[in-house]
Amino acid sequence: MITIYTDGSSRGNPGPGGYGVIMMYGIHRKELSQGYRLTTNNRMELMAVIAGVKAVNKKDIPIMIYSDSQYVVRAIEEGWLKNWIKTNFKGGKKNSDLWKEYYEISQHYPIKMVWVKGHADNKYNNHCDELATAAADGKNLLKDEWYEENVT
């Protein structure tokens with residue numbers, strides 16, 4: 001099983017943001033992070049999950065993703081996303097661009113999402129938070145294209 005921990009952060013909502021990801025498989029460990037100049041916390045939480053799944057290159061291995069975002073975990077595990085896809089995000093559901101991207105890539109993997117309490121005693125979640133906030137505070141922040149072009 002591939003284990004992925006994720007977290008997202010934004011300095012202001014909207015504001016500069018970032019995500020952090022820790023991926024583990026056997027003895028292998030990989031960290032990912034990226035910062036954006038203007039985004040939201042929920043977008044960063046979801047981008048972290050997307051980045052983690054995109055970095056997996058074996059489609060036959062189950063993935064367990066840990067996130068402190070109830071928004072992300074519940075949307076996936078409780079079937080909200082499937083309903084949003086069926087109704088084409090009727091009612092103006094936020095972050096449809098990222099949800100569609102996650103849905104598309106998730107079809108290729110057996111994925112289970114697990115909620116973990118943020119800022120608690122989980123060392124991997126805490127380290128993802130450090131990666132995310134460092135990315136948000138970094139230089140050379142990327143443009144969250146869809147957000148800046150469609151929301152601001």
# chains A, B, ... in the order shown; residues from 1 in each chain; ligands from 1
>>> select_by_dssp(residues="stretch 42-142 of chain A", states="strand (DSSP E)", output="list in words")
Ile63, Met64, Ile65, Tyr66, Ser67, Ile111, Lys112, Met113, Val114 and Trp115 of chain A
>>> write_last_selection(atoms="C-alpha atoms", output="compact mmCIF listing (two decimals), in the first residue's frame")
# COMPACT_ATOMS: atom_id res chain seq x y z
CA ILE A 63 -3.47 4.17 -1.94
CA MET A 64 -4.35 5.38 1.56
CA ILE A 65 -4.53 9.18 1.77
CA TYR A 66 -4.58 10.98 5.12
CA SER A 67 -5.88 14.55 5.19
CA ILE A 111 -8.01 5.07 -3.11
CA LYS A 112 -9.19 5.30 0.50
CA MET A 113 -9.33 8.68 2.26
CA VAL A 114 -8.88 8.99 6.04
CA TRP A 115 -9.41 12.13 8.12
>>> residues_around(residues="A:Met44", least_positions_apart="3", cutoff="9 Å", atoms="only C-alpha atoms", output="PyMOL selection string")
chain A and resi 7-10+17-20+35-36+39-41+47-49+132
>>> residues_around(residues="stretch 86-101 of chain A", least_positions_apart="4", cutoff="8 Å", atoms="only C-alpha atoms", output="list of chain:residue names")
A:Arg43, A:Leu46, A:Met47, A:Ile50, A:Leu81, A:Lys82, A:Ile105, A:Trp146
>>> atom_distance(atom1="atom CA of A:Glu145", atom2="atom CA of A:Asn126")
27.8 Å
>>> select_by_dssp(residues="chain A", states="alpha helix (DSSP H)", output="PyMOL selection string")
chain A and resi 41-54+70-77+80-86+96-106+123-136+145-150
>>> atom_distance(atom1="atom CA of A:Arg74", atom2="atom CA of A:Tyr102")
14.0 Å
>>> closest_residue(among="A:Asn125, A:Asn42, A:Asn83, A:Thr3", to="A:Met24", atoms="only C-alpha atoms")
A:Thr3
>>> residues_around(residues="A:His127", least_positions_apart="3", cutoff="12 Å", atoms="only C-alpha atoms", output="list in words")
Tyr5, Thr6, Asp7, Gly8, Tyr19, Gly20, Val21, Ile22, Met23, Glu31, Leu32, Ser33, Gly118, His119, Ala120, Asp121, Asn122, Lys123, Tyr124, Glu130, Leu131, Ala132, Thr133 and Ala134 of chain A
>>> write_last_selection(atoms="C-alpha atoms", output="CSV table (one decimal), in the first residue's frame")
chain,number,residue,atom,x,y,z
A,5,TYR,CA,-0.2,12.4,3.9
A,6,THR,CA,-1.4,15.8,2.6
A,7,ASP,CA,-2.1,19.3,3.9
A,8,GLY,CA,-2.9,22.7,2.4
A,19,TYR,CA,0.5,22.4,-0.2
A,20,GLY,CA,2.6,19.7,1.3
A,21,VAL,CA,2.7,16.0,0.6
A,22,ILE,CA,4.5,13.0,2.1
A,23,MET,CA,4.4,9.8,0.2
A,31,GLU,CA,8.0,14.9,-0.2
A,32,LEU,CA,6.3,17.3,-2.5
A,33,SER,CA,5.3,21.0,-2.0
A,118,GLY,CA,-4.9,18.8,12.1
A,119,HIS,CA,-2.3,20.4,14.4
A,120,ALA,CA,-2.4,17.4,16.7
A,121,ASP,CA,0.1,14.6,17.4
A,122,ASN,CA,0.4,13.1,13.9
A,123,LYS,CA,4.0,13.7,12.9
A,124,TYR,CA,3.3,13.2,9.2
A,130,GLU,CA,5.3,22.7,7.7
A,131,LEU,CA,5.8,22.0,4.0
A,132,ALA,CA,2.6,23.7,3.0
A,133,THR,CA,3.2,26.9,5.1
A,134,ALA,CA,6.8,27.1,3.9
>>> residues_around(residues="stretch 57-61 of chain A", least_positions_apart="3", cutoff="8 Å", atoms="only C-alpha atoms", output="ChimeraX atom specification")
/A:1-2,54,108-110
>>> closest_residue(among="A:Val151, A:Ala135, A:Leu142, A:Val116", to="A:Ser69", atoms="only C-alpha atoms")
A:Val116
>>> closest_residue(among="A:Gly52, A:Arg37, A:Arg29, A:Glu45", to="A:Asp129", atoms="only C-alpha atoms")
A:Glu45
